[in-house]
Amino acid sequence: MALRRCSWPLLALALTGPLSAEDCCIAERQRMVREQIQGRGITNSEVLRIMQTTPRHLFVPAQVRSIAYEDHALPIGYGVTISQPYIVALMTELLGPARGPRVLEIGTGSGYQAAVLAQLTSHVYTIEIVPELAKSARETLRALGYRNVTVREGDGYQGWPGQAPFDRIILTAAPPDIPQELIAELKTGGRLLAPVGLVGTQRLVLIDKGADGRIRRQEKEDVAFVPMKTGAK
Ligand code: SAH
């Protein structure tokens, strides 16, 4: 599918403030939401609205901007990818987008998932291990006017103890098992969502921490995420 090229410079956005609906890709996004997201059973109206208005094309490198709304993950450099639009919508819906909570994301990447979550929560804390990606995501989010996202460069394996506990934790890089440190940073009544497992055998796992502190684990879709780096790796 050929898309009209979307090439608004971020500088212009920095000067004009947060992107309004008057951008280049409204029709592409409508189609993306209708075919890829509603078409696969996502029904949460807030998630659909946010996927409809968030300018995904501004989170990807210029070389792939013209295919930003297609039905797949895209390379964003450093061997990593921005997730497929459907997966971003699915994870946002599964996370339970009640307004208000504080969210921790591990794996900022482009900043797109953080931008989606920022429209549903009071604050998103997000950690990225590749310094260049942390820097560019921070710049993109700032230029687009997302004031309630804090990007930190570092290894998210230990979470963010200084800001814990969190109502929601989302991993967008896959560990072999969910780090206990992250479960410990979840509030009671909180929810954690993570792709878990080795490449080729990953599955989305949803963890709920009950009021009594008990952990309930559910396995969802098979997925394919960038592996989570740990320690010195
Ligand atoms: N959520 C991103 C996509 C993430 S791709 C988006 O919306 O674009 C997974 C990201 O996790 C990559 O950027 C990778 O560098 C990062 N990552 C991998 N291991 C990590 C770790 N231990 N701590 C923090 N980030 C990590």
# chains A, B, ... in the order shown; residues from 1 in each chain; ligands from 1

call {"tool": "residues_near_ligand", "arguments": {"ligand": "ligand 1", "cutoff": "7 Å", "atoms": "only C-alpha atoms and all ligand atoms", "output": "number ranges by chain"}}
result
A: 80-83, 106-114, 127-130, 133, 154-157, 172-173, 225-230

call {"tool": "write_last_selection", "arguments": {"atoms": "N, CA, C and O atoms", "output": "compact mmCIF listing (two decimals), in the first residue's frame"}}
result
# COMPACT_ATOMS: atom_id res chain seq x y z
N VAL A 80 16.49 -2.32 16.94
CA VAL A 80 15.19 -2.47 17.62
C VAL A 80 14.06 -1.91 16.75
O VAL A 80 14.30 -1.25 15.74
N THR A 81 12.84 -2.18 17.18
CA THR A 81 11.67 -1.81 16.38
C THR A 81 10.62 -1.10 17.22
O THR A 81 10.52 -1.32 18.43
N ILE A 82 9.83 -0.28 16.55
CA ILE A 82 8.58 0.23 17.12
C ILE A 82 7.55 -0.86 16.83
O ILE A 82 7.50 -1.42 15.74
N SER A 83 6.72 -1.18 17.83
CA SER A 83 5.77 -2.29 17.69
C SER A 83 4.72 -1.98 16.63
O SER A 83 4.40 -0.82 16.35
N ILE A 106 9.21 -0.11 30.46
CA ILE A 106 10.60 -0.52 30.24
C ILE A 106 10.76 -0.72 28.73
O ILE A 106 10.10 -1.59 28.14
N GLY A 107 11.63 0.07 28.12
CA GLY A 107 11.85 -0.02 26.67
C GLY A 107 11.17 1.13 25.94
O GLY A 107 10.21 0.93 25.20
N THR A 108 11.70 2.34 26.13
CA THR A 108 11.10 3.54 25.51
C THR A 108 11.10 3.47 24.00
O THR A 108 10.13 3.88 23.35
N GLY A 109 12.21 2.99 23.43
CA GLY A 109 12.34 2.92 21.97
C GLY A 109 12.09 4.27 21.33
O GLY A 109 12.77 5.26 21.64
N SER A 110 11.08 4.35 20.48
CA SER A 110 10.75 5.60 19.79
C SER A 110 10.01 6.59 20.69
O SER A 110 9.92 7.78 20.35
N GLY A 111 9.40 6.09 21.76
CA GLY A 111 8.56 6.95 22.60
C GLY A 111 7.07 6.87 22.25
O GLY A 111 6.24 7.48 22.92
N TYR A 112 6.73 6.10 21.22
CA TYR A 112 5.33 6.08 20.76
C TYR A 112 4.39 5.44 21.78
O TYR A 112 3.34 6.00 22.11
N GLN A 113 4.76 4.28 22.31
CA GLN A 113 3.89 3.65 23.31
C GLN A 113 3.75 4.56 24.54
O GLN A 113 2.65 4.68 25.10
N ALA A 114 4.83 5.23 24.90
CA ALA A 114 4.76 6.16 26.04
C ALA A 114 3.80 7.30 25.74
O ALA A 114 3.03 7.73 26.61
N ILE A 127 12.00 3.93 30.69
CA ILE A 127 13.45 3.68 30.76
C ILE A 127 13.92 3.03 29.46
O ILE A 127 13.30 2.07 28.99
N GLU A 128 15.02 3.56 28.92
CA GLU A 128 15.57 3.03 27.67
C GLU A 128 17.07 2.80 27.84
O GLU A 128 17.78 3.68 28.30
N ILE A 129 17.51 1.63 27.41
CA ILE A 129 18.91 1.26 27.64
C ILE A 129 19.86 1.83 26.58
O ILE A 129 21.06 1.99 26.84
N VAL A 130 19.35 2.15 25.39
CA VAL A 130 20.21 2.71 24.33
C VAL A 130 20.19 4.24 24.47
O VAL A 130 19.15 4.87 24.28
N LEU A 133 18.58 6.38 21.71
CA LEU A 133 17.12 6.27 21.62
C LEU A 133 16.46 7.05 22.75
O LEU A 133 15.43 7.71 22.54
N GLY A 154 18.93 3.98 30.87
CA GLY A 154 19.46 3.00 31.82
C GLY A 154 18.85 1.63 31.60
O GLY A 154 18.08 1.41 30.67
N ASP A 155 19.24 0.70 32.48
CA ASP A 155 18.73 -0.67 32.43
C ASP A 155 17.47 -0.75 33.27
O ASP A 155 17.51 -0.51 34.48
N GLY A 156 16.36 -1.10 32.62
CA GLY A 156 15.09 -1.13 33.33
C GLY A 156 14.84 -2.40 34.12
O GLY A 156 13.77 -2.56 34.70
N TYR A 157 15.82 -3.28 34.15
CA TYR A 157 15.60 -4.58 34.80
C TYR A 157 15.21 -4.40 36.27
O TYR A 157 14.41 -5.18 36.80
N THR A 172 8.16 -3.43 27.05
CA THR A 172 8.07 -3.57 25.60
C THR A 172 9.34 -4.18 25.04
O THR A 172 9.62 -4.10 23.85
N ALA A 173 10.14 -4.77 25.92
CA ALA A 173 11.25 -5.65 25.54
C ALA A 173 11.01 -6.92 26.36
O ALA A 173 10.49 -6.85 27.47
N PHE A 225 8.85 -9.74 20.35
CA PHE A 225 9.45 -8.48 20.80
C PHE A 225 10.97 -8.58 20.80
O PHE A 225 11.55 -9.67 20.83
N VAL A 226 11.60 -7.40 20.81
CA VAL A 226 13.04 -7.30 21.00
C VAL A 226 13.36 -7.89 22.38
O VAL A 226 12.66 -7.60 23.35
N PRO A 227 14.40 -8.73 22.48
CA PRO A 227 14.74 -9.26 23.81
C PRO A 227 15.19 -8.14 24.76
O PRO A 227 15.79 -7.17 24.33
N MET A 228 14.87 -8.32 26.03
CA MET A 228 15.33 -7.36 27.03
C MET A 228 16.79 -7.64 27.36
O MET A 228 17.16 -8.77 27.65
N LYS A 229 17.59 -6.59 27.30
CA LYS A 229 19.00 -6.75 27.68
C LYS A 229 19.09 -6.69 29.19
O LYS A 229 18.37 -5.91 29.82
N THR A 230 19.98 -7.48 29.74
CA THR A 230 20.13 -7.43 31.19
C THR A 230 21.59 -7.26 31.56
O THR A 230 22.48 -7.75 30.86

call {"tool": "residues_around", "arguments": {"residues": "A:Val64", "least_positions_apart": "2", "cutoff": "10 Å", "atoms": "only C-alpha atoms", "output": "list in words"}}
result
Arg5, Cys6, His57, Val60, Pro61, Ala62, Ser66, Ile67, Ala68, Tyr69, Leu74, Pro75 and Ile76 of chain A

call {"tool": "write_last_selection", "arguments": {"atoms": "C-alpha atoms", "output": "PDB file, in the first residue's frame"}}
result
ATOM      1  CA  ARG A   5       4.676  10.880   2.399  1.00  0.00           C
ATOM      2  CA  CYS A   6       4.470  12.373   5.861  1.00  0.00           C
ATOM      3  CA  HIS A  57       4.821   8.853  11.686  1.00  0.00           C
ATOM      4  CA  VAL A  60       9.846   6.753  13.270  1.00  0.00           C
ATOM      5  CA  PRO A  61      12.983   7.557  11.253  1.00  0.00           C
ATOM      6  CA  ALA A  62      12.464   9.537   8.036  1.00  0.00           C
ATOM      7  CA  SER A  66       5.890   6.803   4.541  1.00  0.00           C
ATOM      8  CA  ILE A  67       5.006   3.336   5.839  1.00  0.00           C
ATOM      9  CA  ALA A  68       4.413   4.326   9.462  1.00  0.00           C
ATOM     10  CA  TYR A  69       0.740   3.277   9.406  1.00  0.00           C
ATOM     11  CA  LEU A  74       9.278  -0.944  11.861  1.00  0.00           C
ATOM     12  CA  PRO A  75      13.012  -0.560  12.438  1.00  0.00           C
ATOM     13  CA  ILE A  76      13.977   2.521  14.470  1.00  0.00           C
TER      14      ILE A  76
END

call {"tool": "atom_distance", "arguments": {"atom1": "atom CA of A:Arg138", "atom2": "atom CA of A:Gln30"}}
result
26.6 Å

call {"tool": "atom_distance", "arguments": {"atom1": "atom CA of A:Val205", "atom2": "atom CA of A:Phe166"}}
result
17.4 Å

call {"tool": "closest_residue", "arguments": {"among": "A:Gly79, A:Gly159, A:Gly197, A:Gly210", "to": "A:Glu185", "atoms": "only C-alpha atoms"}}
result
A:Gly159

call {"tool": "residues_around", "arguments": {"residues": "A:Arg29", "least_positions_apart": "6", "cutoff": "12 Å", "atoms": "only C-alpha atoms", "output": "PyMOL selection string"}}
result
chain A and resi 3-4+6+21+23+35-38+48-57+67-71+85-86

call {"tool": "select_by_dssp", "arguments": {"residues": "stretch 39-115 of chain A", "states": "alpha helix (DSSP H)", "output": "PyMOL selection string"}}
result
chain A and resi 45-53+85-95+112-115

call {"tool": "closest_residue", "arguments": {"among": "A:Glu132, A:Glu105, A:Glu221, A:Glu46", "to": "A:Trp160", "atoms": "only C-alpha atoms"}}
result
A:Glu105

call {"tool": "closest_residue", "arguments": {"among": "A:Ala137, A:Leu94, A:Val88, A:Leu206", "to": "A:Asn44", "atoms": "only C-alpha atoms"}}
result
A:Leu94

call {"tool": "closest_residue", "arguments": {"among": "A:Pro175, A:Gly77, A:Pro101, A:Gly190", "to": "A:Arg216", "atoms": "only C-alpha atoms"}}
result
A:Gly190

call {"tool": "atom_distance", "arguments": {"atom1": "atom CA of A:Val149", "atom2": "atom CA of A:Ala174"}}
result
21.8 Å

call {"tool": "closest_residue", "arguments": {"among": "A:Leu193, A:Leu90, A:Lys187, A:Arg34", "to": "A:Gln163", "atoms": "only C-alpha atoms"}}
result
A:Lys187

call {"tool": "residues_around", "arguments": {"residues": "A:Glu139", "least_positions_apart": "4", "cutoff": "10 Å", "atoms": "only C-alpha atoms", "output": "JSON, numbers by chain"}}
result
{"A": [10, 14, 111, 133, 134, 135, 143, 144, 145, 151]}

call {"tool": "select_by_dssp", "arguments": {"residues": "stretch 4-221 of chain A", "states": "strand (DSSP E)", "output": "JSON, numbers by chain"}}
result
{"A": [74, 75, 76, 77, 80, 81, 82, 102, 103, 104, 105, 106, 123, 124, 125, 126, 127, 128, 149, 150, 151, 152, 153, 166, 167, 168, 169, 170, 171, 186, 187, 188, 189, 190, 191, 192, 193, 194, 195, 196, 202, 203, 204, 205, 206, 207, 208, 209, 215, 216, 217, 218, 219, 220, 221]}
